file query.txt (compact mmCIF, C-alpha atoms)
# COMPACT_ATOMS: atom_id res chain seq x y z
CA MET A 1 -0.06 4.20 -32.47
CA LYS A 2 1.01 7.06 -30.17
CA PHE A 3 1.23 10.65 -31.40
CA GLY A 4 3.37 13.47 -30.02
CA LEU A 5 2.64 17.18 -30.41
CA ILE A 6 5.31 19.88 -30.47
CA ALA A 7 3.14 22.83 -29.46
CA GLY A 8 3.94 26.43 -30.40
CA ASN A 9 1.75 29.47 -29.82
CA GLY A 10 -1.80 30.29 -30.87
CA LYS A 11 -4.84 28.07 -31.46
CA PHE A 12 -3.24 25.54 -33.80
CA PRO A 13 -1.99 23.17 -31.03
CA PHE A 14 -5.43 23.21 -29.37
CA MET A 15 -7.07 22.29 -32.67
CA VAL A 16 -4.68 19.36 -33.14
CA VAL A 17 -5.30 18.04 -29.63
CA GLU A 18 -9.05 18.32 -30.15
CA GLY A 19 -8.84 16.65 -33.56
CA ALA A 20 -6.79 13.80 -32.12
CA ARG A 21 -9.29 13.37 -29.28
CA LYS A 22 -12.20 13.16 -31.73
CA SER A 23 -10.38 10.49 -33.73
CA GLY A 24 -9.59 8.49 -30.59
CA ALA A 25 -5.83 8.94 -30.92
CA GLN A 26 -3.49 9.14 -27.93
CA MET A 27 -1.30 12.25 -27.82
CA ALA A 28 1.59 13.42 -25.65
CA VAL A 29 2.29 17.17 -25.73
CA ALA A 30 5.71 18.82 -25.62
CA ALA A 31 4.77 22.42 -24.77
CA ILE A 32 7.31 25.17 -25.50
CA ARG A 33 7.67 27.27 -22.37
CA GLU A 34 8.28 30.54 -24.24
CA GLU A 35 5.37 30.10 -26.66
CA THR A 36 2.59 27.68 -25.69
CA ASP A 37 -0.59 28.86 -23.98
CA PRO A 38 -0.65 27.27 -20.47
CA ALA A 39 -4.35 26.49 -20.99
CA ILE A 40 -3.26 23.47 -23.04
CA GLU A 41 -2.68 21.66 -19.73
CA GLN A 42 -6.46 21.46 -19.38
CA LEU A 43 -6.69 19.27 -22.49
CA THR A 44 -4.13 16.61 -21.67
CA ASP A 45 -2.44 14.95 -18.70
CA ARG A 46 0.48 13.81 -20.84
CA ILE A 47 2.47 17.03 -21.13
CA LYS A 48 6.06 18.18 -20.66
CA TRP A 49 7.18 21.81 -20.67
CA VAL A 50 10.46 22.35 -22.53
CA GLY A 51 12.50 25.41 -23.45
CA ILE A 52 12.91 26.33 -27.12
CA GLY A 53 16.45 24.97 -27.19
CA GLN A 54 15.77 21.76 -25.23
CA LEU A 55 15.56 19.32 -28.14
CA GLY A 56 17.13 16.50 -26.15
CA LYS A 57 14.58 16.85 -23.33
CA MET A 58 11.71 16.82 -25.82
CA ILE A 59 12.97 13.67 -27.55
CA ARG A 60 13.46 11.88 -24.22
CA PHE A 61 9.87 12.74 -23.26
CA PHE A 62 8.50 11.36 -26.52
CA LYS A 63 10.55 8.19 -26.13
CA GLU A 64 9.27 7.71 -22.57
CA GLU A 65 5.71 8.13 -23.85
CA GLY A 66 6.20 5.64 -26.68
CA VAL A 67 5.60 8.25 -29.40
CA ASP A 68 6.28 7.07 -32.96
CA ARG A 69 4.63 9.92 -34.89
CA ALA A 70 4.99 13.63 -34.10
CA ILE A 71 3.17 16.77 -35.27
CA MET A 72 4.43 20.35 -35.14
CA ALA A 73 1.65 22.90 -34.63
CA GLY A 74 1.74 26.58 -33.72
CA GLN A 75 4.24 29.28 -34.49
CA VAL A 76 7.60 29.52 -32.78
CA LYS A 77 8.96 33.00 -33.47
CA HIS A 78 12.20 33.03 -35.42
CA VAL A 79 13.51 35.72 -33.09
CA GLN A 80 13.05 33.34 -30.16
CA ILE A 81 14.93 30.55 -31.89
CA PHE A 82 17.96 32.53 -32.98
CA SER A 83 18.37 35.18 -30.29
CA ARG A 84 16.85 33.92 -27.04
CA ALA A 85 17.07 30.15 -27.02
CA VAL A 86 19.68 28.48 -24.82
CA PRO A 87 20.37 25.25 -26.75
CA ASP A 88 21.09 21.94 -25.07
CA ALA A 89 23.78 19.68 -26.53
CA ARG A 90 21.43 18.07 -29.03
CA MET A 91 20.02 21.35 -30.33
CA LEU A 92 23.52 22.85 -30.49
CA LYS A 93 24.59 19.97 -32.72
CA VAL A 94 21.63 20.68 -35.01
CA LEU A 95 22.34 24.43 -35.17
CA LEU A 96 26.02 23.92 -35.94
CA LYS A 97 25.18 21.68 -38.92
CA LEU A 98 22.68 24.08 -40.50
CA PRO A 99 23.67 25.23 -44.00
CA ARG A 100 21.46 28.31 -43.48
CA ARG A 101 19.24 29.55 -40.69
CA ASN A 102 15.86 29.58 -42.39
CA THR A 103 12.72 27.68 -41.45
CA ASP A 104 13.11 24.77 -43.85
CA SER A 105 16.71 24.11 -42.85
CA LEU A 106 16.06 24.30 -39.10
CA ILE A 107 12.91 22.23 -38.91
CA GLY A 108 14.17 19.79 -41.52
CA ALA A 109 17.20 19.17 -39.29
CA ILE A 110 14.96 18.68 -36.23
CA ALA A 111 12.83 16.25 -38.25
CA SER A 112 16.00 14.27 -39.04
CA GLU A 113 16.90 14.13 -35.35
CA LEU A 114 13.42 12.84 -34.53
CA GLN A 115 13.66 10.27 -37.34
CA SER A 116 16.99 9.03 -35.96
CA GLU A 117 15.08 8.10 -32.79
CA GLY A 118 12.29 6.32 -34.66
CA ILE A 119 9.86 9.26 -34.46
CA GLU A 120 8.32 10.30 -37.79
CA LEU A 121 7.32 13.95 -38.23
CA ILE A 122 3.99 13.92 -40.10
CA ASP A 123 1.60 16.37 -41.81
CA SER A 124 0.59 19.02 -39.26
CA THR A 125 -2.97 18.98 -40.67
CA TYR A 126 -3.31 15.21 -40.17
CA PHE A 127 -6.29 15.64 -37.82
CA LEU A 128 -7.60 18.84 -39.47
CA GLN A 129 -8.43 18.00 -43.07
CA ASP A 130 -11.83 19.71 -42.80
CA HIS A 131 -10.06 23.04 -42.18
CA LEU A 132 -8.35 23.06 -45.61
CA PRO A 133 -10.38 25.02 -48.24
CA LYS A 134 -11.32 23.73 -51.66
CA GLY A 135 -10.67 25.90 -54.70
CA GLY A 136 -12.99 28.76 -55.65
CA ASN A 137 -14.70 31.72 -54.02
CA LEU A 138 -15.32 31.25 -50.31
CA THR A 139 -17.31 34.45 -49.70
CA ARG A 140 -20.45 36.02 -51.15
CA ARG A 141 -18.45 38.75 -52.88
CA GLN A 142 -16.06 37.64 -55.61
CA PRO A 143 -12.86 39.53 -56.47
CA ASP A 144 -13.54 42.35 -58.95
CA GLY A 145 -11.42 43.06 -62.01
CA ARG A 146 -8.92 45.24 -60.14
CA GLU A 147 -8.48 42.66 -57.38
CA ARG A 148 -8.05 39.84 -59.91
CA GLU A 149 -5.24 41.76 -61.59
CA ASP A 150 -3.59 42.30 -58.21
CA ILE A 151 -4.00 38.60 -57.40
CA GLU A 152 -2.27 37.60 -60.64
CA TYR A 153 0.58 40.00 -59.94
CA GLY A 154 0.78 38.85 -56.30
CA LEU A 155 0.91 35.20 -57.36
CA GLU A 156 3.94 35.89 -59.54
CA ILE A 157 5.79 37.60 -56.69
CA ALA A 158 4.69 35.06 -54.08
CA ARG A 159 5.96 32.13 -56.15
CA GLU A 160 9.35 33.78 -56.52
CA ILE A 161 9.86 34.63 -52.85
CA ALA A 162 8.55 31.20 -51.80
CA LEU A 163 11.58 29.69 -53.52
CA LEU A 164 13.76 31.78 -51.19
CA ASP A 165 11.95 30.47 -48.06
CA LEU A 166 10.91 33.95 -46.99
CA GLY A 167 7.44 34.87 -45.70
CA GLN A 168 4.34 33.59 -47.45
CA THR A 169 2.35 36.85 -47.58
CA ILE A 170 2.38 39.58 -50.23
CA VAL A 171 0.27 42.74 -50.08
CA VAL A 172 -0.47 44.41 -53.42
CA ARG A 173 -2.22 47.48 -54.74
CA GLY A 174 -2.44 48.51 -58.38
CA LYS A 175 -0.06 45.70 -59.43
CA ALA A 176 2.62 47.14 -57.14
CA CYS A 177 4.06 45.28 -54.15
CA VAL A 178 3.34 47.18 -50.93
CA ALA A 179 4.67 44.71 -48.35
CA ILE A 180 6.34 41.30 -48.16
CA GLU A 181 6.27 39.19 -45.01
CA ALA A 182 9.53 38.63 -43.16
CA MET A 183 9.63 37.49 -39.50
CA GLU A 184 6.66 39.50 -38.24
CA GLY A 185 3.88 37.19 -39.44
CA THR A 186 0.90 37.64 -41.75
CA ASP A 187 -1.28 39.96 -39.68
CA GLU A 188 1.55 42.39 -38.86
CA THR A 189 2.57 42.43 -42.54
CA ILE A 190 -0.98 43.45 -43.46
CA ARG A 191 -1.01 46.20 -40.82
CA ARG A 192 2.36 47.49 -42.05
CA ALA A 193 1.00 47.63 -45.60
CA GLY A 194 -2.03 49.56 -44.35
CA LYS A 195 0.22 52.19 -42.81
CA LEU A 196 2.04 52.61 -46.11
CA VAL A 197 -0.95 52.57 -48.48
CA HIS A 198 -4.37 52.52 -46.85
CA ARG A 199 -7.39 51.04 -48.69
CA ARG A 200 -7.89 48.86 -51.76
CA LEU A 201 -5.18 46.38 -50.80
CA THR A 202 -5.12 42.76 -51.95
CA VAL A 203 -3.47 40.12 -49.75
CA VAL A 204 -1.96 37.00 -51.31
CA LYS A 205 -0.85 34.22 -48.95
CA LEU A 206 0.52 31.19 -50.78
CA ALA A 207 1.94 27.83 -49.86
CA LYS A 208 5.40 27.18 -51.25
CA PRO A 209 5.57 25.36 -54.62
CA ASN A 210 6.65 22.19 -52.80
CA GLN A 211 5.02 23.00 -49.46
CA ASP A 212 6.11 20.58 -46.75
CA MET A 213 2.86 20.07 -44.85
CA ARG A 214 4.78 18.89 -41.81
CA PHE A 215 5.67 22.44 -40.84
CA ASP A 216 5.23 26.13 -41.62
CA VAL A 217 1.80 25.52 -43.17
CA PRO A 218 0.08 28.79 -44.20
CA VAL A 219 -2.54 29.79 -41.62
CA VAL A 220 -5.35 32.37 -41.74
CA GLY A 221 -8.20 33.14 -39.36
CA VAL A 222 -10.45 35.78 -37.89
CA PRO A 223 -7.47 37.97 -36.84
CA THR A 224 -6.36 37.99 -40.49
CA ILE A 225 -9.71 39.45 -41.56
CA GLU A 226 -9.60 41.94 -38.68
CA ALA A 227 -6.11 43.08 -39.75
CA MET A 228 -7.30 43.39 -43.37
CA ASN A 229 -10.29 45.48 -42.35
CA GLU A 230 -8.02 47.73 -40.27
CA ALA A 231 -5.61 48.16 -43.19
CA GLY A 232 -8.29 48.73 -45.82
CA ALA A 233 -7.63 45.43 -47.62
CA THR A 234 -10.56 44.13 -49.67
CA CYS A 235 -9.44 40.75 -51.01
CA LEU A 236 -7.59 37.67 -49.69
CA CYS A 237 -6.17 34.95 -51.94
CA ILE A 238 -5.00 31.66 -50.37
CA THR A 239 -3.86 28.24 -51.57
CA ALA A 240 -6.60 25.62 -51.87
CA GLY A 241 -5.92 22.43 -49.93
CA LYS A 242 -2.76 23.79 -48.31
CA THR A 243 -3.92 26.71 -46.16
CA LEU A 244 -5.22 26.03 -42.68
CA MET A 245 -8.28 28.12 -41.81
CA PHE A 246 -8.90 28.70 -38.11
CA ASP A 247 -12.61 29.06 -37.25
CA PRO A 248 -13.52 29.00 -40.98
CA ASP A 249 -17.24 29.70 -40.51
CA GLU A 250 -16.59 32.69 -38.25
CA MET A 251 -13.83 33.92 -40.55
CA ILE A 252 -16.02 33.80 -43.66
CA HIS A 253 -18.94 35.38 -41.80
CA LEU A 254 -16.75 38.34 -40.76
CA ALA A 255 -15.36 38.66 -44.30
CA ASN A 256 -18.90 38.79 -45.69
CA GLU A 257 -19.84 41.39 -43.10
CA LYS A 258 -16.85 43.57 -44.06
CA LYS A 259 -17.36 42.90 -47.83
CA ILE A 260 -13.94 41.25 -48.09
CA ALA A 261 -13.57 38.68 -50.85
CA ILE A 262 -11.75 35.39 -50.11
CA VAL A 263 -10.68 33.10 -52.96
CA ALA A 264 -8.70 29.84 -52.85
CA VAL A 265 -6.56 29.02 -55.89
call {"tool": "encode", "arguments": {"input": "query.txt", "output": "structure tokens"}}
result
Amino acid sequence: MKFGLIAGNGKFPFMVVEGARKSGAQMAVAAIREETDPAIEQLTDRIKWVGIGQLGKMIRFFKEEGVDRAIMAGQVKHVQIFSRAVPDARMLKVLLKLPRRNTDSLIGAIASELQSEGIELIDSTYFLQDHLPKGGNLTRRQPDGREREDIEYGLEIAREIALLDLGQTIVVRGKACVAIEAMEGTDETIRRAGKLVHRRLTVVKLAKPNQDMRFDVPVVGVPTIEAMNEAGATCLCITAGKTLMFDPDEMIHLANEKKIAIVAV
């Protein structure tokens, strides 16, 4: 079985390549020119650089490599997709058929195009199951009463906005919503909240009720804790089994050092 990787930015694609290597799987990488770290070339000799809008070129590469299962890993900024991409004929066909231009619609349509060529888009955490947290407290410090109330409030809001396919992050203080993620990403949402209301913030980052683990999986890591510390946030709530933790040991160590509580629900 041959795997293909559609690589966006950040560490996620590197983790997938490494996980595939450890499992003995073969992987061909379609690297997105506007997003992917060039260092990924050091991990594989089966790589093709494609522009964001070059869906046809990517599919041809996977077909040439005999790929029958593909994984999407790493963020591709929405701004890039909708304002800077120059689509080829195949991507243009996908964009014209979209009922709405949100993440689920776009990537779902790309998944259908891949499927039409015999390429199945699979769970992006396929090779990274040990990076998904189990339920419970992950740090030495547990959420206090105030933080638990903010978590409960944040969960209510997060579940509602998840149905709208907006961002996955809510920042709360005193059972009031301080910031909701849009296109800027989790860490920038936290920093924005810190500028509005510094200190005693609780961050809730939830998977969608019917989270499609093939794409847009919630991700947290050391930069998340750094952004929280900068903003004065003291508690992070994530979804057990459906949130990918980058460098989990280092992340939890830093949270303990900064007295930030992390809980998976």
call {"tool": "residues_around", "arguments": {"input": "query.txt", "residues": "Pro248 (chain A)", "least_positions_apart": "6", "cutoff": "9 Å", "atoms": "all atoms listed in the file", "output": "VMD selection string"}}
result
chain A and resid 131 133 220 to 222
call {"tool": "closest_residue", "arguments": {"input": "query.txt", "among": "A:Arg192, A:Arg46, A:Lys205, A:Arg90", "to": "Ile170 (chain A)", "atoms": "only C-alpha atoms"}}
result
A:Lys205
call {"tool": "atom_distance", "arguments": {"input": "query.txt", "atom1": "CA of Ile252 (chain A)", "atom2": "CA of Leu43 (chain A)"}}
result
27.3 Å
call {"tool": "residues_around", "arguments": {"input": "query.txt", "residues": "region 26-31 of chain A", "least_positions_apart": "2", "cutoff": "8 Å", "atoms": "only C-alpha atoms", "output": "list of chain:residue names"}}
result
A:Met1, A:Lys2, A:Phe3, A:Gly4, A:Leu5, A:Ile6, A:Ala7, A:Gly8, A:Val17, A:Ala20, A:Arg21, A:Gly24, A:Arg33, A:Glu35, A:Thr36, A:Thr44, A:Arg46, A:Ile47, A:Lys48, A:Trp49, A:Val50, A:Met58, A:Phe61, A:Phe62, A:Glu65, A:Val67
call {"tool": "atom_distance", "arguments": {"input": "query.txt", "atom1": "CA of Arg200 (chain A)", "atom2": "CA of Thr169 (chain A)"}}
result
16.3 Å
call {"tool": "atom_distance", "arguments": {"input": "query.txt", "atom1": "CA of Glu257 (chain A)", "atom2": "CA of Ala227 (chain A)"}}
result
14.2 Å
call {"tool": "closest_residue", "arguments": {"input": "query.txt", "among": "A:Ala162, A:Ala109, A:Val197, A:Leu138", "to": "Val265 (chain A)", "atoms": "only C-alpha atoms"}}
result
A:Leu138
call {"tool": "closest_residue", "arguments": {"input": "query.txt", "among": "A:Asp212, A:Glu147, A:Glu184, A:Glu226", "to": "Val263 (chain A)", "atoms": "only C-alpha atoms"}}
result
A:Glu147
call {"tool": "closest_residue", "arguments": {"input": "query.txt", "among": "A:Ile32, A:Met15, A:Ile52, A:Leu106", "to": "Val86 (chain A)", "atoms": "all atoms listed in the file"}}
result
A:Ile52
call {"tool": "residues_near_point", "arguments": {"input": "query.txt", "point": "(22.8, 21.9, -32.4)", "cutoff": "12 Å", "atoms": "only C-alpha atoms", "output": "list in words"}}
result
Gly53, Gln54, Leu55, Gly56, Ile81, Phe82, Ala85, Val86, Pro87, Asp88, Ala89, Arg90, Met91, Leu92, Lys93, Val94, Leu95, Leu96, Lys97, Leu98, Arg101, Leu106, Ile107, Ala109, Ile110 and Glu113 of chain A
call {"tool": "residues_around", "arguments": {"input": "query.txt", "residues": "Ile225 (chain A)", "least_positions_apart": "5", "cutoff": "9 Å", "atoms": "all atoms listed in the file", "output": "list of chain:residue names"}}
result
A:Asp187, A:Val220, A:Glu230, A:Ala233, A:Leu236, A:Met251, A:Ile252, A:Leu254, A:Ala255, A:Lys258, A:Ile260
call {"tool": "residues_around", "arguments": {"input": "query.txt", "residues": "Ile122 (chain A)", "least_positions_apart": "3", "cutoff": "10 Å", "atoms": "only C-alpha atoms", "output": "mmCIF file with C-alpha atoms, in the frame of the given file"}}
result
data_model
loop_
_atom_site.group_PDB
_atom_site.id
_atom_site.type_symbol
_atom_site.label_atom_id
_atom_site.label_comp_id
_atom_site.auth_asym_id
_atom_site.auth_seq_id
_atom_site.Cartn_x
_atom_site.Cartn_y
_atom_site.Cartn_z
ATOM 1 C CA PHE A 3 1.230 10.650 -31.400
ATOM 2 C CA ARG A 69 4.630 9.920 -34.890
ATOM 3 C CA ALA A 70 4.990 13.630 -34.100
ATOM 4 C CA ILE A 71 3.170 16.770 -35.270
ATOM 5 C CA MET A 72 4.430 20.350 -35.140
ATOM 6 C CA ALA A 111 12.830 16.250 -38.250
ATOM 7 C CA ILE A 119 9.860 9.260 -34.460
ATOM 8 C CA THR A 125 -2.970 18.980 -40.670
ATOM 9 C CA TYR A 126 -3.310 15.210 -40.170
ATOM 10 C CA ASP A 212 6.110 20.580 -46.750
ATOM 11 C CA MET A 213 2.860 20.070 -44.850
ATOM 12 C CA ARG A 214 4.780 18.890 -41.810
ATOM 13 C CA PHE A 215 5.670 22.440 -40.840
#
call {"tool": "closest_residue", "arguments": {"input": "query.txt", "among": "A:Ile161, A:Thr202, A:Leu196, A:Asn9", "to": "Ala182 (chain A)", "atoms": "all atoms listed in the file"}}
result
A:Ile161
